[in-house]
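Visitor: Below you'll find the structure I mean.
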Amino acid sequence: MTTDTLDKTILNKYYEQMFLIRIFEEYCDRLYKQGNIKGFCHLYIGQEAIAVGSINALTKNDYIITHYRDHGHALARGMDPNIIMSELMGKTTGSSRGKGGSMHLFDTNLNFMGGHAIVGGHLPIATGLALGLKYRKENGTVVCFFGDGAVNEGEFHESMNLAAIWNLPVIFFLENNYYGMGSHISRTHSMGENISKIADSYSVKSIQADGMDVLDVAKKTKSAIEKIRKGNGPVLIEAKCYRFRGHSVQDPQFYRDKEEIEKWSNRDPIQTFKNFLIESGTLFEDEIQKTERKIREQVEVAVKFAQDSPLPHIESAYEHIYA
Ligand SMILES: Cc1ncc(C[n+]2csc(CCOP(=O)(O)OP(=O)(O)O)c2C)c(N)n1
Ligand SMILES: [Mg+2]
């Protein structure tokens, strides 16, 4: 882990956001098991460095679109934890008045275009957003997050091809966590571990980032954006990472062995970054503890806010329906 250009405030912000995502989701897990959160719920625990490193490299003009494992991206973009927690609990104070749930967080004010549940289904939407930016001659880049499973969907290939032909300002951000549900990539990808090699077929530049290292993700995202701003888009970034929890909170994970989980846990992106901050003399341990206390309180406030918020009225089931 190295940094030569980032100042203490930014490094602190990275730590704060990664810790926020972790604690927020540990609460989600508990609240789900207690029956306070219903429906599907996929945790981002272990992948925090990706959302935080990449999204902090963007400006407010840039767009984000992501898959159903979306809490981390929403929090890193600055969505209010109170509103997110309410959405997860199906309350009227949620970002979609409680009708979207965990997989469909959305905030147009932040150019955060969701939260999408269909694997690969949001890649053509990302491509369309980028086409829109180019057509309107607006500055901005679209960052589209997806998993290794999405690469096997037709939409991935159609999107890469069109984005390359039209030279669109889009980063296809592949979070390669080695699994699609219970299937390891060795059973689902013919090109082996480095899935991003597939970009060559579309003459799209690909970049490898270490998904467990927030500084590396930030650096690689900035370099992709520089290339795109010069009009040389699109770019595929592949960040190798590991999903520390099951596919969803209901997954008992019988398909992974303990050694593999332990190997990756030793590279925990939050613990590694904390060690780096202390060892490099950037932050003192008590400063980090203060940040951690502040975040825990913030999440407790979010949980209380959501719990105290009202459930939607039954009649509202007929509102906001496109028919
Ligand atoms: C088109 C489609 N097929 C199947 C599913 C069921 N499904 C939900 S998540 C998932 C695995 C996706 O894995 P990956 O893209 O690697 O993302 P990860 O869960 O690892 O973040 C599948 C098959 C779906 N939601 N959409
Ligand atoms: Mg995956």
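Ordering of the structure tokens sets the chain letters (A, B, ...); residue numbers start at 1 within each chain; ligands are numbered from 1 in the order shown.
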Show me which residues line ligand 2, defined as having an atom within 8 Å of a ligand atom where only C-alpha atoms and all ligand atoms count, and present them as a PDB file with C-alpha atoms, in the first residue's frame.
Guide:
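Written file, out.pdb:
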```
ATOM      1  CA  GLY A 147     -19.916  -8.897 -10.786  1.00  0.00           C
ATOM      2  CA  ASP A 148     -18.044 -11.688 -12.552  1.00  0.00           C
ATOM      3  CA  GLY A 149     -21.394 -13.423 -13.125  1.00  0.00           C
ATOM      4  CA  GLU A 175     -15.893  -6.607  -9.065  1.00  0.00           C
ATOM      5  CA  ASN A 176     -14.410 -10.067  -9.463  1.00  0.00           C
ATOM      6  CA  ASN A 177     -15.158 -11.714  -6.110  1.00  0.00           C
ATOM      7  CA  TYR A 178     -14.582 -15.193  -7.583  1.00  0.00           C
ATOM      8  CA  TYR A 179     -18.185 -16.337  -7.073  1.00  0.00           C
ATOM      9  CA  GLY A 180     -21.555 -15.973  -8.729  1.00  0.00           C
ATOM     10  CA  MET A 181     -23.898 -17.288  -6.041  1.00  0.00           C
ATOM     11  CA  ARG A 243     -17.196 -11.593  -0.713  1.00  0.00           C
TER      12      ARG A 243
END
```
Visitor: Could you list, as a ChimeraX atom specification, every residue within 10 Å of region 250-260 of chain A, counting only C-alpha atoms and ignoring same-chain residues fewer than 5 positions away?
Guide: /A:29,32-33,40-42,179,181-184,242,245,265
Visitor: For region 269-277 of chain A, please output as a count of residues only all residues within 7 Å (counting only C-alpha atoms; exclusion window: fewer than 5 positions along the same chain).
Guide: 8
Visitor: Check the DSSP output for the backbone and give back, as a ChimeraX atom specification, the residues of region 93-224 of chain A in alpha helix (DSSP H).
Guide: /A:123-135,154-165,214-224
Visitor: So that I have them on file, write out the residues from the current selection with N, CA and C atoms, as a short mmCIF file (atom, residue, chain, number, x, y, z; two decimals), in the first residue's frame.
Guide:
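The file below, out02.cif, is the result:
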```
data_model
loop_
_atom_site.label_atom_id
_atom_site.label_comp_id
_atom_site.auth_asym_id
_atom_site.auth_seq_id
_atom_site.Cartn_x
_atom_site.Cartn_y
_atom_site.Cartn_z
N LEU A 123 -26.15 -2.94 -17.51
CA LEU A 123 -25.03 -2.54 -18.37
C LEU A 123 -25.49 -1.76 -19.61
N PRO A 124 -26.58 -2.20 -20.27
CA PRO A 124 -27.09 -1.37 -21.38
C PRO A 124 -27.59 -0.01 -20.89
N ILE A 125 -28.11 0.06 -19.66
CA ILE A 125 -28.56 1.36 -19.14
C ILE A 125 -27.35 2.28 -18.95
N ALA A 126 -26.24 1.72 -18.44
CA ALA A 126 -25.00 2.50 -18.29
C ALA A 126 -24.53 3.00 -19.65
N THR A 127 -24.61 2.14 -20.64
CA THR A 127 -24.18 2.50 -21.99
C THR A 127 -25.06 3.63 -22.52
N GLY A 128 -26.35 3.54 -22.25
CA GLY A 128 -27.29 4.59 -22.68
C GLY A 128 -27.03 5.91 -21.96
N LEU A 129 -26.72 5.83 -20.68
CA LEU A 129 -26.40 7.06 -19.93
C LEU A 129 -25.16 7.73 -20.53
N ALA A 130 -24.18 6.91 -20.88
CA ALA A 130 -22.94 7.45 -21.46
C ALA A 130 -23.20 8.04 -22.86
N LEU A 131 -24.06 7.38 -23.60
CA LEU A 131 -24.44 7.91 -24.92
C LEU A 131 -25.14 9.26 -24.74
N GLY A 132 -25.99 9.34 -23.72
CA GLY A 132 -26.69 10.60 -23.43
C GLY A 132 -25.71 11.73 -23.13
N LEU A 133 -24.70 11.43 -22.31
CA LEU A 133 -23.69 12.46 -21.97
C LEU A 133 -22.98 12.95 -23.22
N LYS A 134 -22.61 12.01 -24.07
CA LYS A 134 -21.88 12.36 -25.29
C LYS A 134 -22.77 13.16 -26.25
N TYR A 135 -24.00 12.72 -26.38
CA TYR A 135 -24.95 13.36 -27.29
C TYR A 135 -25.22 14.80 -26.86
N GLY A 154 -25.42 -11.74 -22.10
CA GLY A 154 -25.33 -11.10 -23.41
C GLY A 154 -25.22 -9.58 -23.31
N GLU A 155 -25.89 -9.00 -22.32
CA GLU A 155 -25.86 -7.53 -22.18
C GLU A 155 -24.44 -6.98 -21.99
N PHE A 156 -23.59 -7.77 -21.33
CA PHE A 156 -22.21 -7.33 -21.14
C PHE A 156 -21.55 -7.12 -22.51
N HIS A 157 -21.70 -8.12 -23.38
CA HIS A 157 -21.03 -8.10 -24.69
C HIS A 157 -21.61 -7.03 -25.61
N GLU A 158 -22.92 -6.90 -25.57
CA GLU A 158 -23.56 -5.85 -26.39
C GLU A 158 -23.10 -4.47 -25.92
N SER A 159 -23.02 -4.30 -24.61
CA SER A 159 -22.65 -2.99 -24.06
C SER A 159 -21.20 -2.65 -24.37
N MET A 160 -20.32 -3.62 -24.22
CA MET A 160 -18.90 -3.38 -24.51
C MET A 160 -18.73 -3.00 -25.98
N ASN A 161 -19.41 -3.73 -26.85
CA ASN A 161 -19.27 -3.49 -28.28
C ASN A 161 -19.76 -2.09 -28.66
N LEU A 162 -20.96 -1.74 -28.19
CA LEU A 162 -21.51 -0.42 -28.54
C LEU A 162 -20.69 0.71 -27.92
N ALA A 163 -20.29 0.53 -26.66
CA ALA A 163 -19.49 1.58 -25.99
C ALA A 163 -18.18 1.80 -26.73
N ALA A 164 -17.58 0.71 -27.24
CA ALA A 164 -16.31 0.83 -27.97
C ALA A 164 -16.54 1.51 -29.33
N ILE A 165 -17.55 1.08 -30.04
CA ILE A 165 -17.82 1.65 -31.37
C ILE A 165 -18.13 3.14 -31.27
N VAL A 214 -7.75 0.13 -1.09
CA VAL A 214 -8.50 1.34 -1.47
C VAL A 214 -7.64 2.33 -2.27
N LEU A 215 -6.34 2.40 -1.94
CA LEU A 215 -5.48 3.37 -2.63
C LEU A 215 -5.23 2.94 -4.07
N ASP A 216 -5.08 1.65 -4.26
CA ASP A 216 -4.86 1.16 -5.63
C ASP A 216 -6.12 1.37 -6.48
N VAL A 217 -7.27 1.10 -5.88
CA VAL A 217 -8.53 1.30 -6.62
C VAL A 217 -8.68 2.77 -7.00
N ALA A 218 -8.38 3.67 -6.06
CA ALA A 218 -8.50 5.11 -6.33
C ALA A 218 -7.57 5.51 -7.48
N LYS A 219 -6.33 5.04 -7.41
CA LYS A 219 -5.33 5.38 -8.43
C LYS A 219 -5.76 4.88 -9.82
N LYS A 220 -6.22 3.64 -9.88
CA LYS A 220 -6.58 3.05 -11.17
C LYS A 220 -7.85 3.72 -11.74
N THR A 221 -8.76 4.08 -10.85
CA THR A 221 -9.98 4.75 -11.34
C THR A 221 -9.62 6.12 -11.90
N LYS A 222 -8.74 6.84 -11.21
CA LYS A 222 -8.34 8.17 -11.71
C LYS A 222 -7.68 8.05 -13.08
N SER A 223 -6.84 7.01 -13.24
CA SER A 223 -6.16 6.89 -14.54
C SER A 223 -7.19 6.56 -15.64
N ALA A 224 -8.21 5.77 -15.30
CA ALA A 224 -9.24 5.46 -16.30
C ALA A 224 -10.02 6.73 -16.68
#
```
Visitor: Mind listing the strand (DSSP E) residues of region 188-312 of chain A, per DSSP on the backbone, as a PyMOL selection string?
Guide: chain A and resi 205-210+235-240
Visitor: Please produce a file of those selected residues containing N, CA and C atoms, as a CSV table (one decimal), in the first residue's frame.
Guide:
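Result file follows (part-v6.csv):
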```csv
chain,number,residue,atom,x,y,z
A,205,LYS,N,-9.7,-0.8,-23.5
A,205,LYS,CA,-8.6,-0.9,-22.6
A,205,LYS,C,-9.0,-1.5,-21.3
A,206,SER,N,-8.2,-2.4,-20.8
A,206,SER,CA,-8.6,-3.0,-19.4
A,206,SER,C,-7.4,-2.7,-18.4
A,207,ILE,N,-7.8,-2.5,-17.2
A,207,ILE,CA,-6.9,-2.2,-16.1
A,207,ILE,C,-7.2,-3.1,-15.0
A,208,GLN,N,-6.1,-3.7,-14.4
A,208,GLN,CA,-6.3,-4.5,-13.2
A,208,GLN,C,-6.1,-3.6,-11.9
A,209,ALA,N,-7.0,-3.8,-10.9
A,209,ALA,CA,-6.8,-3.1,-9.7
A,209,ALA,C,-6.9,-4.1,-8.5
A,210,ASP,N,-6.2,-3.8,-7.5
A,210,ASP,CA,-6.3,-4.7,-6.3
A,210,ASP,C,-7.5,-4.2,-5.5
A,235,VAL,N,-13.4,2.2,-20.7
A,235,VAL,CA,-12.3,1.4,-20.0
A,235,VAL,C,-13.0,0.3,-19.1
A,236,LEU,N,-12.4,-0.9,-19.1
A,236,LEU,CA,-12.9,-1.9,-18.2
A,236,LEU,C,-11.9,-2.0,-17.1
A,237,ILE,N,-12.3,-1.8,-15.8
A,237,ILE,CA,-11.4,-2.1,-14.7
A,237,ILE,C,-11.9,-3.4,-14.0
A,238,GLU,N,-10.9,-4.2,-13.8
A,238,GLU,CA,-11.2,-5.5,-13.0
A,238,GLU,C,-10.6,-5.4,-11.7
A,239,ALA,N,-11.3,-5.5,-10.6
A,239,ALA,CA,-10.8,-5.5,-9.3
A,239,ALA,C,-11.1,-6.8,-8.6
A,240,LYS,N,-10.0,-7.6,-8.3
A,240,LYS,CA,-10.1,-8.8,-7.6
A,240,LYS,C,-10.5,-8.6,-6.2
```
Visitor: Quick one: of A:Lys227, A:Lys304, A:Arg293, A:His116, who's nearest to ligand 1, counting only C-alpha atoms and all ligand atoms?
Guide: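 Of A:Lys227, A:Lys304, A:Arg293, A:His116, the one nearest ligand 1, counting only C-alpha atoms and all ligand atoms, is A:His116.
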Visitor: I need the residue nearest Leu75 (chain A) from this list: A:Ile195, A:Leu31, A:Ile185, A:Val299. Use only C-alpha atoms for the distance.
Guide: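 Ranking A:Ile195, A:Leu31, A:Ile185, A:Val299 by distance to Leu75 (chain A), first place goes to A:Val299.
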Visitor: When you look at Leu105 (chain A) with a cut-off of 10 Å (counting only C-alpha atoms), what residues show up, excluding the ones that are within fewer than 3 positions of it in the same chain? I need them as a list in words.
Guide: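 Counting only C-alpha atoms, the residues come to Thr66, His67, Tyr68, Arg69, Asp70, His71, His73, Ala74, Met79, Ile83, Ile84, Glu87, Leu88, Gly94, Ser95, Ser96, Gly98, Lys99, Gly100, Gly101, Ser102, Phe112, Met113, Gly114, Gly115 and His116 of chain A.
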Visitor: Which is closer to ligand 1 than all the others in A:Tyr202, A:Phe173, A:Phe305, A:Tyr15, using only C-alpha atoms and all ligand atoms?
Guide: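 When distances to ligand 1 are compared using only C-alpha atoms and all ligand atoms, the smallest one comes from A:Phe173.
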Visitor: How many Å separate CA of Cys28 (chain A) from CA of Phe284 (chain A)?
Guide: 29.5 Å
Visitor: Just want the 9 Å neighbourhood of Asn56 (chain A), counted on only C-alpha atoms, with same-chain residues fewer than 5 positions away dropped. Output as a PyMOL selection string.
Guide: chain A and resi 14+51+76-77+218
